[in-house]
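Undergrad: One file: run37.cif (mmCIF, C-alpha atoms).
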```cif
data_protein
#
loop_
_atom_site.label_atom_id
_atom_site.label_comp_id
_atom_site.auth_asym_id
_atom_site.auth_seq_id
_atom_site.Cartn_x
_atom_site.Cartn_y
_atom_site.Cartn_z
CA MET A 3 0.00 0.00 0.00
CA THR A 4 2.56 2.54 -1.16
CA GLY A 5 4.52 2.54 2.03
CA PHE A 6 1.63 2.30 4.49
CA ASN A 7 1.42 -0.70 6.75
CA SER A 8 -2.31 -0.36 7.26
CA VAL A 9 -5.34 1.79 6.58
CA SER A 10 -4.87 3.21 10.04
CA ASP A 11 -1.33 4.34 9.22
CA ALA A 12 -2.51 5.98 6.04
CA LEU A 13 -5.31 7.86 7.78
CA GLN A 14 -3.12 9.06 10.61
CA ILE A 15 -1.12 11.31 8.30
CA LEU A 16 -4.21 12.79 6.68
CA VAL A 17 -5.43 14.78 9.68
CA GLU A 18 -3.14 15.46 12.59
CA PRO A 19 -4.46 15.10 16.13
CA PHE A 20 -5.95 18.33 17.46
CA GLU A 21 -4.95 20.31 20.48
CA VAL A 22 -7.86 22.58 21.22
CA THR A 23 -8.55 24.65 24.28
CA PRO A 24 -12.05 23.91 25.57
CA ARG A 25 -14.33 26.96 25.65
CA TRP A 26 -17.44 25.56 27.27
CA ASP A 27 -18.39 28.91 28.77
CA ALA A 28 -18.42 30.40 25.28
CA VAL A 29 -20.62 27.56 24.04
CA VAL A 30 -23.12 28.13 26.83
CA ALA A 31 -23.03 31.89 26.35
CA ASP A 32 -23.55 31.59 22.60
CA ALA A 33 -26.45 29.23 23.23
CA GLY A 34 -28.04 31.94 25.34
CA VAL A 35 -28.21 29.80 28.46
CA VAL A 36 -27.97 31.39 31.86
CA GLN A 37 -26.19 28.97 34.17
CA ARG A 38 -27.63 28.66 37.67
CA ARG A 39 -25.26 28.96 40.58
CA ARG A 40 -25.72 28.70 44.32
CA THR A 41 -25.67 32.15 45.79
CA THR A 42 -25.88 33.78 49.15
CA SER A 43 -28.82 36.02 49.87
CA TRP A 44 -26.97 39.24 49.14
CA ARG A 45 -25.74 37.73 45.90
CA THR A 46 -29.29 36.80 45.04
CA PHE A 47 -30.32 40.37 45.70
CA ALA A 48 -27.49 41.68 43.54
CA ILE A 49 -28.39 39.32 40.74
CA ALA A 50 -32.02 40.34 40.98
CA ALA A 51 -31.00 43.98 40.72
CA VAL A 52 -28.84 43.25 37.70
CA PHE A 53 -31.68 41.24 36.19
CA ALA A 54 -34.08 44.13 36.68
CA ALA A 55 -31.62 46.50 35.05
CA ALA A 56 -31.18 44.04 32.20
CA LEU A 57 -34.95 43.91 31.75
CA LEU A 58 -35.08 47.67 31.45
CA ALA A 59 -32.20 47.61 28.99
CA ALA A 60 -33.86 44.83 27.03
CA ALA A 61 -37.08 46.81 26.84
CA ALA A 62 -35.20 49.81 25.52
CA TYR A 63 -33.28 47.60 23.14
CA ALA A 64 -36.44 45.90 21.93
CA ALA A 65 -38.04 49.26 21.27
CA GLY A 66 -35.10 50.22 19.09
CA PHE A 67 -35.07 46.88 17.38
CA GLY A 68 -38.80 47.04 16.78
CA ASN A 69 -38.41 50.21 14.84
CA LYS A 70 -36.11 48.45 12.44
CA PHE A 71 -37.74 45.07 11.89
CA SER A 72 -41.26 46.03 12.76
CA SER A 73 -43.12 43.37 10.79
CA TRP A 74 -41.54 40.68 12.95
CA LEU A 75 -42.21 42.38 16.25
CA THR A 76 -45.32 44.48 15.92
CA GLY A 77 -47.36 41.93 14.08
CA SER A 78 -47.25 38.75 12.08
CA PRO A 79 -45.15 39.15 8.96
CA GLY A 80 -46.57 37.94 5.67
CA THR A 81 -49.43 35.52 5.65
CA PRO A 82 -49.95 32.16 7.31
CA ALA A 83 -48.02 29.48 5.46
CA PRO A 84 -50.06 27.23 3.17
CA ALA A 85 -51.23 24.08 4.93
CA ALA A 86 -48.99 21.86 2.80
CA GLU A 87 -45.88 23.83 3.75
CA GLN A 88 -46.85 23.88 7.42
CA GLN A 89 -47.41 20.15 7.28
CA GLY A 90 -44.19 19.52 5.35
CA PHE A 91 -42.20 21.46 7.91
CA ALA A 92 -43.84 19.54 10.75
CA GLN A 93 -42.99 16.22 9.09
CA ARG A 94 -39.36 17.20 8.62
CA ASN A 95 -39.16 18.61 12.10
CA GLN A 96 -40.59 15.48 13.64
CA VAL A 97 -37.77 13.28 12.36
CA ALA A 98 -34.96 15.78 12.91
CA PHE A 99 -32.47 14.92 15.61
CA ALA A 100 -32.22 18.53 16.77
CA SER A 101 -35.63 19.89 15.95
CA PHE A 102 -37.57 23.09 16.46
CA PRO A 103 -40.36 23.09 19.02
CA ALA A 104 -43.40 21.12 17.94
CA GLY A 105 -46.26 23.31 16.79
CA THR A 106 -44.03 26.03 15.37
CA LYS A 107 -46.16 28.17 13.07
CA LEU A 108 -44.74 29.33 9.76
CA ARG A 109 -45.53 32.50 7.87
CA LEU A 110 -45.16 32.92 4.11
CA LEU A 111 -42.97 35.96 3.57
CA LEU A 112 -41.90 35.81 -0.06
CA ARG A 113 -42.54 33.70 -3.12
CA LYS A 114 -40.20 33.85 -6.09
CA SER A 115 -39.75 31.84 -9.27
CA VAL A 116 -36.60 31.18 -11.22
CA ALA A 117 -36.19 28.95 -14.26
CA GLY A 118 -39.79 27.82 -13.88
CA THR A 119 -39.29 26.69 -10.29
CA SER A 120 -41.13 28.46 -7.52
CA PHE A 121 -39.53 28.94 -4.11
CA ASP A 122 -41.17 30.07 -0.87
CA LEU A 123 -39.36 31.92 1.88
CA LEU A 124 -41.07 31.13 5.17
CA GLY A 125 -40.48 32.70 8.55
CA PHE A 126 -40.94 31.61 12.14
CA ARG A 127 -39.74 32.43 15.63
CA ASN A 128 -37.72 30.11 17.82
CA GLY A 129 -37.11 31.64 21.22
CA ASP A 130 -35.11 34.80 20.64
CA ALA A 131 -34.19 33.71 17.14
CA TYR A 132 -35.73 34.76 13.85
CA CYS A 133 -35.76 31.88 11.42
CA LEU A 134 -36.15 31.59 7.68
CA ARG A 135 -36.94 28.47 5.70
CA LEU A 136 -36.43 28.37 1.93
CA VAL A 137 -38.21 25.53 0.20
CA ARG A 138 -39.56 24.70 -3.22
CA THR A 139 -43.27 25.48 -3.42
CA LYS A 140 -44.02 22.11 -4.99
CA LEU A 141 -41.91 20.18 -2.47
CA PRO A 142 -43.03 21.51 0.90
CA GLN A 143 -41.85 18.35 2.65
CA ALA A 144 -38.30 18.63 1.28
CA ILE A 145 -35.37 19.43 3.53
CA GLY A 146 -35.13 22.95 2.17
CA ARG A 147 -32.79 25.26 4.00
CA ASN A 148 -33.45 26.59 7.50
CA GLU A 149 -31.40 29.36 9.05
CA CYS A 150 -31.90 31.36 12.23
CA LEU A 151 -30.43 34.60 13.47
CA ARG A 152 -30.76 35.71 17.04
CA ALA A 153 -32.12 39.16 17.75
CA GLU A 154 -28.76 40.34 19.02
CA GLU A 155 -27.10 39.25 15.79
CA LEU A 156 -29.48 41.47 13.83
CA ARG A 157 -28.93 44.40 16.08
CA GLY A 158 -27.04 47.21 14.43
CA HIS A 159 -27.43 45.82 10.95
CA SER A 160 -29.62 47.30 8.28
CA ALA A 161 -29.43 44.09 6.33
CA LEU A 162 -27.93 40.72 7.04
CA VAL A 163 -27.51 37.70 4.82
CA ALA A 164 -28.81 34.64 6.62
CA ASN A 165 -27.76 31.98 4.15
CA ASN A 166 -26.21 31.24 0.80
CA VAL A 167 -27.87 28.19 -0.74
CA TRP A 168 -27.72 25.93 -3.73
CA PHE A 169 -30.42 23.72 -5.27
CA SER A 170 -30.25 21.35 -8.19
CA VAL A 171 -33.59 21.01 -9.97
CA GLY A 172 -35.04 19.52 -13.13
CA ARG A 173 -33.71 17.35 -15.93
CA PRO A 174 -31.45 18.47 -17.47
CA ALA A 175 -30.33 19.84 -14.15
CA GLN A 176 -30.36 23.53 -13.36
CA SER A 177 -28.15 24.90 -10.61
CA ILE A 178 -30.05 27.48 -8.62
CA THR A 179 -28.09 29.57 -6.18
CA GLY A 180 -29.83 31.81 -3.72
CA VAL A 181 -29.14 34.39 -1.07
CA TYR A 182 -31.67 35.34 1.56
CA GLY A 183 -31.72 37.31 4.74
CA PHE A 184 -33.20 40.11 6.77
CA ALA A 185 -33.48 43.82 6.02
CA ALA A 186 -34.65 46.66 8.22
CA ASP A 187 -37.73 48.79 7.66
CA ASP A 188 -35.79 51.59 6.01
CA VAL A 189 -34.20 49.33 3.40
CA ALA A 190 -36.33 49.23 0.27
CA ALA A 191 -34.16 46.91 -1.78
CA LEU A 192 -30.76 45.31 -2.01
CA ARG A 193 -28.37 44.88 -4.84
CA VAL A 194 -26.82 41.43 -4.79
CA THR A 195 -23.58 41.36 -6.72
CA ARG A 196 -22.64 38.05 -8.23
CA ALA A 197 -19.57 36.87 -10.06
CA ARG A 198 -21.48 37.63 -13.22
CA GLY A 199 -24.09 40.34 -13.03
CA GLU A 200 -26.03 42.08 -10.35
CA GLU A 201 -29.60 41.71 -9.16
CA ARG A 202 -31.80 44.22 -7.39
CA VAL A 203 -34.09 42.44 -4.96
CA PRO A 204 -36.92 44.22 -3.22
CA VAL A 205 -37.41 43.86 0.53
CA LYS A 206 -40.77 42.59 1.73
CA ASN A 207 -41.77 41.69 5.26
CA ASN A 208 -38.24 42.64 6.35
CA VAL A 209 -36.69 39.85 4.29
CA PHE A 210 -35.16 39.54 0.85
CA LEU A 211 -34.49 36.67 -1.53
CA SER A 212 -32.23 36.58 -4.53
CA LEU A 213 -32.24 33.56 -6.85
CA THR A 214 -30.39 32.86 -10.05
CA SER A 215 -30.12 29.78 -12.22
CA GLN A 216 -27.81 28.31 -14.80
CA PRO A 217 -27.44 24.88 -16.42
CA SER A 218 -25.53 22.49 -14.22
CA GLY A 219 -23.38 21.50 -17.16
CA THR A 220 -21.70 18.33 -18.23
CA VAL A 221 -18.27 16.80 -18.10
CA GLN A 222 -17.34 18.53 -21.33
CA HIS A 223 -19.03 21.81 -20.59
CA HIS A 224 -19.23 23.11 -17.08
CA PRO A 225 -20.31 26.71 -16.70
CA LEU A 226 -18.72 28.73 -13.96
CA PRO A 227 -20.74 28.96 -10.76
CA ASN A 228 -22.32 32.29 -10.06
CA PRO A 229 -22.74 32.70 -6.31
CA GLY A 230 -23.53 35.96 -4.67
CA ALA A 231 -23.26 37.86 -1.44
CA HIS A 232 -19.66 37.26 -0.72
CA ARG A 233 -18.48 39.82 1.74
CA GLY A 234 -19.08 43.23 0.30
CA GLY A 235 -21.20 41.89 -2.51
CA CYS A 236 -24.52 43.01 -1.14
CA VAL A 237 -25.56 46.64 -0.92
CA GLY A 238 -28.76 47.97 0.57
CA GLU A 239 -30.82 50.95 -0.52
CA ARG A 240 -32.63 53.06 2.00
CA ALA A 241 -36.21 53.83 1.15
CA GLY A 242 -36.33 57.23 -0.47
CA ALA A 243 -32.80 58.19 0.50
CA GLY A 244 -30.70 56.02 -1.76
CA CYS A 245 -27.97 55.85 0.86
CA PRO A 246 -25.96 52.67 0.31
CA LEU A 247 -25.54 50.34 3.24
CA ARG A 248 -23.08 47.56 3.63
CA CYS A 249 -24.73 44.21 4.07
CA ARG A 250 -22.68 42.04 6.32
CA ARG A 251 -22.64 38.36 5.87
CA ARG A 252 -23.19 36.20 8.90
CA GLY A 253 -20.72 33.46 9.57
CA ASP A 254 -17.81 34.62 7.45
CA HIS A 255 -14.74 32.99 8.84
CA GLN A 256 -12.24 35.47 10.06
CA GLY A 257 -9.08 35.61 8.10
CA ARG A 258 -10.64 34.82 4.77
CA PRO A 259 -9.87 37.73 2.48
CA ALA A 260 -12.84 39.67 1.23
CA ALA A 261 -13.21 39.80 -2.53
CA ASP A 262 -15.34 42.07 -4.64
CA GLY A 263 -17.30 40.94 -7.71
CA ALA A 264 -14.53 41.73 -10.18
CA GLU A 265 -11.99 39.81 -8.15
CA LEU A 266 -14.34 36.84 -7.86
CA LEU A 267 -14.91 36.86 -11.61
CA ARG A 268 -11.18 37.03 -12.25
CA ARG A 269 -10.61 34.08 -9.93
CA ALA A 270 -13.46 32.18 -11.53
CA ARG A 271 -12.01 32.57 -14.99
CA ARG A 272 -8.62 31.46 -13.83
CA HIS A 273 -10.16 28.58 -11.96
CA GLY A 274 -12.23 27.56 -14.97
CA HIS A 275 -9.22 27.41 -17.26
CA ARG A 276 -7.31 25.28 -14.81
CA ARG A 277 -10.12 22.85 -14.42
CA ALA A 278 -11.17 22.72 -18.05
CA GLY A 279 -12.84 19.39 -18.63
CA ALA A 280 -13.33 18.71 -14.95
CA ARG A 281 -16.74 17.69 -13.80
CA HIS A 282 -18.39 20.60 -12.06
CA ARG A 283 -21.53 18.87 -10.82
CA PRO A 284 -21.17 18.36 -7.06
CA ASP A 285 -20.88 14.87 -5.68
CA PRO A 286 -24.50 13.86 -4.97
CA ALA A 287 -23.40 11.56 -2.19
CA SER A 288 -21.87 14.37 -0.23
CA ASP A 289 -24.38 17.07 -1.08
CA ASP A 290 -27.59 15.16 -0.61
CA ARG A 291 -28.65 17.51 2.15
CA LEU A 292 -28.78 20.32 -0.38
CA ALA A 293 -29.83 18.64 -3.58
CA GLU A 294 -33.48 17.95 -4.09
CA PRO A 295 -35.30 15.73 -6.56
CA PRO A 296 -36.76 17.42 -9.62
CA MET B 23 -31.01 11.57 30.88
CA GLY B 24 -33.71 9.68 29.09
CA ASP B 25 -37.08 11.34 29.07
CA ARG B 26 -35.85 14.54 30.62
CA GLY B 27 -33.36 15.29 27.84
CA ALA B 28 -29.69 15.99 28.36
CA SER B 29 -28.39 18.28 31.08
CA LEU B 30 -25.81 20.99 30.58
CA GLU B 31 -23.45 19.10 32.83
CA GLU B 32 -23.73 15.94 30.75
CA LEU B 33 -23.09 17.88 27.56
CA ARG B 34 -20.13 19.63 29.16
CA LYS B 35 -18.57 16.29 30.03
CA VAL B 36 -18.95 15.05 26.46
CA TYR B 37 -17.51 18.34 25.20
CA GLU B 38 -14.45 18.26 27.42
CA ARG B 39 -13.82 14.56 26.96
CA ARG B 40 -14.27 14.50 23.22
CA LEU B 41 -13.32 17.96 21.95
CA SER B 42 -10.07 16.94 20.26
CA ASP B 43 -11.63 13.93 18.57
CA LEU B 44 -14.65 15.94 17.47
CA CYS B 45 -12.40 18.58 15.92
CA ARG B 46 -10.32 15.97 14.17
CA VAL B 47 -13.33 14.28 12.62
CA ALA B 48 -14.85 17.63 11.65
CA ALA B 49 -11.57 18.60 9.98
CA ALA B 50 -11.51 15.33 8.09
CA VAL B 51 -15.11 15.71 6.91
CA VAL B 52 -14.84 19.30 5.79
CA GLY B 53 -11.28 18.92 4.51
CA ARG B 54 -9.95 21.96 6.36
CA SER B 55 -8.43 21.93 9.80
CA ASP B 56 -8.88 25.67 10.39
CA LEU B 57 -12.67 25.42 10.24
CA ALA B 58 -13.01 22.47 12.60
CA PRO B 59 -13.06 24.31 15.97
CA ASP B 60 -15.77 26.69 14.73
CA ILE B 61 -17.84 23.83 13.36
CA VAL B 62 -17.66 21.93 16.65
CA HIS B 63 -18.42 25.09 18.60
CA GLU B 64 -21.51 25.83 16.52
CA ALA B 65 -22.62 22.21 16.77
CA PHE B 66 -22.41 22.31 20.55
CA VAL B 67 -24.26 25.62 20.68
CA ARG B 68 -27.02 23.86 18.80
CA ALA B 69 -26.83 20.82 21.03
CA VAL B 70 -27.14 23.00 24.14
CA ARG B 71 -30.13 24.83 22.72
CA GLN B 72 -31.81 21.57 21.72
CA ARG B 73 -30.72 19.49 24.71
CA HIS B 74 -34.28 18.95 25.86
CA ARG B 75 -34.93 17.21 22.53
CA PHE B 76 -32.55 14.39 23.35
CA GLU B 77 -34.89 11.46 23.81
CA GLY B 78 -32.44 9.05 25.39
CA ARG B 79 -33.03 6.31 22.84
CA GLY B 80 -29.28 5.97 22.37
CA ASP B 81 -26.39 7.32 24.37
CA LEU B 82 -25.65 11.02 24.50
CA ASP B 83 -22.32 10.60 22.73
CA GLY B 84 -24.04 9.28 19.63
CA TRP B 85 -26.53 12.15 19.66
CA VAL B 86 -23.74 14.72 19.93
CA TRP B 87 -21.63 13.02 17.30
CA ARG B 88 -24.55 13.10 14.91
CA ILE B 89 -25.03 16.83 15.39
CA VAL B 90 -21.32 17.45 14.84
CA VAL B 91 -21.17 15.20 11.78
CA ASN B 92 -24.20 16.94 10.27
CA ALA B 93 -22.67 20.35 10.99
CA ALA B 94 -19.44 19.26 9.33
CA ARG B 95 -21.32 17.89 6.32
CA ASP B 96 -23.21 21.17 6.00
CA ALA B 97 -19.95 23.08 6.22
CA ARG B 98 -18.41 20.84 3.57
CA ALA B 99 -21.35 21.44 1.23
CA LYS B 100 -21.08 25.19 1.78
CA GLU B 101 -17.35 25.12 1.28
CA ARG B 102 -17.74 23.29 -2.01
CA VAL B 103 -20.11 25.97 -3.30
CA GLU B 104 -18.26 28.96 -1.92
CA HIS B 105 -14.79 27.80 -2.82
CA GLU B 106 -15.57 26.91 -6.40
CA LEU B 107 -14.26 30.36 -7.16
CA ASP B 108 -11.18 30.19 -5.01
CA ASP B 109 -7.86 30.18 -6.70
CA LEU B 110 -6.46 26.72 -6.26
CA SER B 111 -2.96 28.06 -5.96
CA GLU B 112 -3.96 29.92 -2.82
CA ARG B 113 -5.08 26.74 -1.13
CA ALA B 114 -2.84 24.11 -2.60
CA VAL B 115 0.17 24.82 -0.48
CA PRO B 116 2.87 22.28 -1.30
CA ASP B 117 2.03 19.38 0.96
CA ASP B 118 3.41 16.03 1.94
CA PRO B 119 2.97 13.90 -1.22
CA ARG B 120 1.98 10.91 0.89
CA ARG B 121 -0.75 12.96 2.50
CA GLU B 122 -1.97 14.15 -0.89
CA LEU B 123 -2.07 10.55 -2.03
CA VAL B 124 -4.19 9.49 0.93
CA ARG B 125 -6.42 12.53 0.58
CA SER B 126 -7.01 11.75 -3.06
CA ALA B 127 -7.86 8.14 -2.26
CA VAL B 128 -10.18 9.04 0.60
CA GLU B 129 -12.00 11.57 -1.57
CA GLN B 130 -12.87 8.78 -3.96
CA LEU B 131 -14.74 6.84 -1.30
CA PRO B 132 -18.51 7.24 -0.98
CA GLU B 133 -19.44 9.69 1.75
CA ARG B 134 -20.78 7.06 4.15
CA GLN B 135 -17.57 5.06 3.93
CA ARG B 136 -15.53 8.19 4.59
CA LEU B 137 -17.61 9.10 7.63
CA VAL B 138 -17.40 5.64 9.13
CA LEU B 139 -13.64 5.51 8.60
CA PHE B 140 -13.13 8.93 10.20
CA LEU B 141 -15.28 8.08 13.21
CA ARG B 142 -13.55 4.75 13.69
CA TYR B 143 -9.97 5.85 13.26
CA TYR B 144 -9.96 9.46 14.43
CA ALA B 145 -12.35 9.09 17.35
CA ASP B 146 -12.02 5.39 18.09
CA LEU B 147 -15.79 5.08 18.36
CA ASP B 148 -17.46 1.72 18.80
CA TYR B 149 -19.91 0.45 16.21
CA ARG B 150 -22.90 1.43 18.28
CA THR B 151 -21.89 5.07 18.55
CA ILE B 152 -20.90 5.21 14.89
CA ALA B 153 -24.31 3.79 14.00
CA ALA B 154 -26.00 6.55 16.01
CA ALA B 155 -23.79 9.24 14.54
CA VAL B 156 -24.37 8.24 10.92
CA ALA B 157 -27.95 6.99 11.38
CA ILE B 158 -27.34 3.45 10.17
CA SER B 159 -27.50 0.07 11.85
CA GLU B 160 -24.53 -1.52 13.61
CA GLY B 161 -24.46 -4.26 10.98
CA THR B 162 -24.24 -1.65 8.25
CA VAL B 163 -21.37 0.00 10.10
CA ALA B 164 -19.40 -3.25 10.01
CA ALA B 165 -20.14 -3.83 6.33
CA THR B 166 -19.37 -0.22 5.42
CA LEU B 167 -16.12 -0.30 7.33
CA ASN B 168 -15.11 -3.51 5.64
CA ALA B 169 -15.91 -2.12 2.21
CA ALA B 170 -14.05 1.10 2.99
CA HIS B 171 -10.97 -0.83 4.07
CA GLY B 172 -10.93 -2.85 0.89
CA ARG B 173 -11.52 0.11 -1.38
CA LEU B 174 -8.93 2.28 0.32
CA ARG B 175 -6.32 -0.47 0.21
CA GLN B 176 -7.05 -0.93 -3.47
CA LEU B 177 -6.85 2.79 -4.22
CA LEU B 178 -3.61 3.20 -2.33
CA SER B 179 -2.00 0.19 -3.95
CA GLU B 180 -2.99 1.35 -7.43
CA VAL B 181 -0.69 4.33 -7.10
CA THR B 182 3.02 3.71 -7.36
CA PRO B 183 5.03 5.69 -4.83
#
```
Before we go any further, please render this structure as structure tokens.

TA:
Amino acid sequence: MTGFNSVSDALQILVEPFEVTPRWDAVVADAGVVQRRRTTSWRTFAIAAVFAAALLAAAAYAAGFGNKFSSWLTGSPGTPAPAAEQQGFAQRNQVAFASFPAGTKLRLLLRKSVAGTSFDLLGFRNGDAYCLRLVRTKLPQAIGRNECLRAEELRGHSALVANNVWFSVGRPAQSITGVYGFAADDVAALRVTRARGEERVPVKNNVFLSLTSQPSGTVQHHPLPNPGAHRGGCVGERAGAGCPLRCRRRGDHQGRPAADGAELLRRARRHGHRRAGARHRPDPASDDRLAEPP
Amino acid sequence: MGDRGASLEELRKVYERRLSDLCRVAAAVVGRSDLAPDIVHEAFVRAVRQRHRFEGRGDLDGWVWRIVVNAARDARAKERVEHELDDLSERAVPDDPRRELVRSAVEQLPERQRLVLFLRYYADLDYRTIAAAVAISEGTVAATLNAAHGRLRQLLSEVTP
């Protein structure tokens, strides 16, 4: 086996053992869990005082937040989700290992079609999180894509990309890439810059959805992918004012260099030449959580 | 545990006992070591939030492993889409040729075989926990592991050093 005594030997050199510092406190904090501790009476009093102050701060914060994403706070955004989509979500949720609370009610926020395929962007609340579910209208029971942002993550942003998704639909296959997220009341629309082209997407119910499609290609011909909303690739427009706003992408790993649309296109061309003839279609075995049947 | 879900303390013990192994498997699944700690962190944040959903049908380790494996698979899928545009020269730092050879061979395995191999060799999990993590039966774990061994041996022996 080319110098390896066993499969184990071969695998050991592939990924080195990790030395990681545990950060359990950060996990608990990020999960929004308040850990209970035994306290003396004066400590209890102090904590109660801090809690009361936090409540006041939260009320003030919520008031400010409500002004920005009012449809989610001051009422029910959109319309109740169609029964099939509510039922499809419930079915998926029921068999999920880490599921949302049973009985979660969905709202239909946006419906958009691309390449003859209709997609629905649904919204729901989960504790302090605001969640979006993107699913094909005709396949309400499909996995779709769910993404949640906590209220504090939205704070201070006029617009925030929640997810960058890919679907493969139809025969011959079409690759549909999408970007969706939240936008504040004073953002009328966003311009999503892709490697090739730009799309202006209106904001409705404090959310936006950008979808684009292209043939998935073949071994001989594989078109370049055309994703959007890389850092700096999404610009918001204030209603009436036309003041551009940066749209920050959630979850960008620190240290990865930002690239604008021109740079991405340049890289894509270079990449395409290098991989001429390579099969572009993703491995269905590894991407089955994203791909959906036609 | 059981009907009452998992407690924070139980999850903390799994986290502290298994963190290195979890990161190693996540790195293997996603193909990038630098992303592994973040993936495991996010997976545990999710596990903490959903801890009351643990039904106690299997052991807690298996439940946690499954969340981490799913998070790593999601990250891998995202990476594949997002990094289609990356310049290969920026990522393909000259590496150990033996490692490249193994990586190439492992990439040719079906995903399930890869997962089972990683969980077995990087985390030393027993068949029962692997079965819970990958959502297959223990018998399928054994068969998958056997097939993965054979295929990997074949792929590695096909290449002359």

Undergrad: Name the residues that the PyMOL selection byres ((chain B and resi 79-96) around 6) picks from the file above, as a list in words, using the file's chain letters and numbers.

TA: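 Output from the PyMOL selection byres ((chain B and resi 79-96) around 6), applied to this file: Ala48, Val52, Ala65, Glu77, Gly78, Ala97, Arg98, Ala99, Thr151, Ala154 and Ala155 of chain B.
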
Undergrad: For Phe169 (chain A), which residue among A:Gly5, A:Pro82, A:Pro217, A:Gly183 is the nearest when counting all atoms listed in the file?

TA: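 The closest residue to Phe169 (chain A) is A:Pro217.
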
Undergrad: Between A:Gln96, A:Gln176, A:Asn207, A:Ser73, which is the closest to chain B once you count only C-alpha atoms?

TA: A:Gln96

Undergrad: Got a sec: who's within 10 Å of Gln72 (chain B), counting only C-alpha atoms, leaving out chain neighbours fewer than 6 positions off, as a list of chain:residue names?

TA: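 In the requested format, the answer is A:Ala33, A:Phe99, A:Ala100, A:Ser101, A:Phe102, A:Pro103, B:Gly27, B:Ala28, B:Phe66.
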
Undergrad: One decimal, in Å: what's the spacing between CA of His63 (chain B) and CA of Leu134 (chain A)?

TA: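 Value for the CA of His63 (chain B)-CA of Leu134 (chain A) distance: 21.8 Å.
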
Undergrad: Using only C-alpha atoms, which of the listed residues (B:Ala157, B:Ala165, B:Leu30, B:Val124) sits closest to Ser10 (chain A)?

TA: B:Val124

Undergrad: Which residue is closest to Gln143 (chain A)? Choose from A:Asp32, A:Glu87, A:Glu200, A:Asp187 and count all atoms listed in the file.

TA: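 Smallest distance to Gln143 (chain A) is found for A:Glu87.
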
Undergrad: Excluding same-chain residues fewer than 4 positions from Leu139 (chain B), what lies within 7 Å of it counting all atoms listed in the file, as a list of chain:residue names?

TA: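 Result of the neighbour search: B:Gln135, B:Tyr143, B:Leu167.
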
Undergrad: Please dump the current selection as a PDB file, in the coordinates of the input; keep C-alpha atoms.

TA:
```pdb
ATOM      1  CA  GLN B 135     -17.570   5.060   3.930  1.00  0.00           C
ATOM      2  CA  TYR B 143      -9.970   5.850  13.260  1.00  0.00           C
ATOM      3  CA  LEU B 167     -16.120  -0.300   7.330  1.00  0.00           C
TER       4      LEU B 167
END
```

Undergrad: Report as a short mmCIF file (atom, residue, chain, number, x, y, z; two decimals) with C-alpha atoms, keeping the file's coordinate frame all protein, DNA and RNA residues lying within 12 Å of Gly146 (chain A), evaluated on all atoms listed in the file, omitting residues in the same chain fewer than 3 positions from it.

TA:
```
data_model
loop_
_atom_site.label_atom_id
_atom_site.label_comp_id
_atom_site.auth_asym_id
_atom_site.auth_seq_id
_atom_site.Cartn_x
_atom_site.Cartn_y
_atom_site.Cartn_z
CA GLU A 87 -45.88 23.83 3.75
CA GLY A 90 -44.19 19.52 5.35
CA PHE A 91 -42.20 21.46 7.91
CA ARG A 94 -39.36 17.20 8.62
CA ASN A 95 -39.16 18.61 12.10
CA PHE A 121 -39.53 28.94 -4.11
CA ASP A 122 -41.17 30.07 -0.87
CA LEU A 123 -39.36 31.92 1.88
CA LEU A 124 -41.07 31.13 5.17
CA LEU A 134 -36.15 31.59 7.68
CA ARG A 135 -36.94 28.47 5.70
CA LEU A 136 -36.43 28.37 1.93
CA VAL A 137 -38.21 25.53 0.20
CA ARG A 138 -39.56 24.70 -3.22
CA THR A 139 -43.27 25.48 -3.42
CA LYS A 140 -44.02 22.11 -4.99
CA LEU A 141 -41.91 20.18 -2.47
CA PRO A 142 -43.03 21.51 0.90
CA GLN A 143 -41.85 18.35 2.65
CA GLU A 149 -31.40 29.36 9.05
CA ASN A 165 -27.76 31.98 4.15
CA VAL A 167 -27.87 28.19 -0.74
CA TRP A 168 -27.72 25.93 -3.73
CA PHE A 169 -30.42 23.72 -5.27
CA SER A 170 -30.25 21.35 -8.19
CA GLY A 180 -29.83 31.81 -3.72
CA ASP A 290 -27.59 15.16 -0.61
CA ARG A 291 -28.65 17.51 2.15
CA LEU A 292 -28.78 20.32 -0.38
CA ALA A 293 -29.83 18.64 -3.58
CA GLU A 294 -33.48 17.95 -4.09
CA PRO A 295 -35.30 15.73 -6.56
#
```

Undergrad: Quick one: distance from CA of Arg202 (chain A) to CA of Ser215 (chain A) in Å, one decimal?

TA: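 Separating CA of Arg202 (chain A) from CA of Ser215 (chain A) is a distance of 15.3 Å.
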
Undergrad: On this structure, which residues satisfy the PyMOL selection byres ((chain A and resi 27) around 12), written as an NGL selection string?

TA: (:A and (23-26 or 28-37)) or (:B and (30-31 or 34 or 37-38 or 63 or 66-67 or 70))

Undergrad: Find the residues around Glu180 (chain B) up to 12 Å (only C-alpha atoms counted), leave out those fewer than 4 positions away in its own chain, and share them as a VMD selection string.

TA: (chain A and resid 3 to 4) or (chain B and resid 123 to 124 126 to 127 173 to 176)

Undergrad: Written as a PyMOL selection string, which residues does the PyMOL selection byres ((chain A and resi 15-18) around 12) give for the file shown?

TA: (chain A and resi 6+8-14+19-21) or (chain B and resi 42-43+45-56+58+117-129+140+143-145)

Undergrad: Please determine, counting all atoms listed in the file, which residue among B:Leu41, B:Leu147, B:Ile152, B:Val163 has the shortest atom-to-atom distance to chain A.

TA: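 The closest residue to chain A is B:Leu41.
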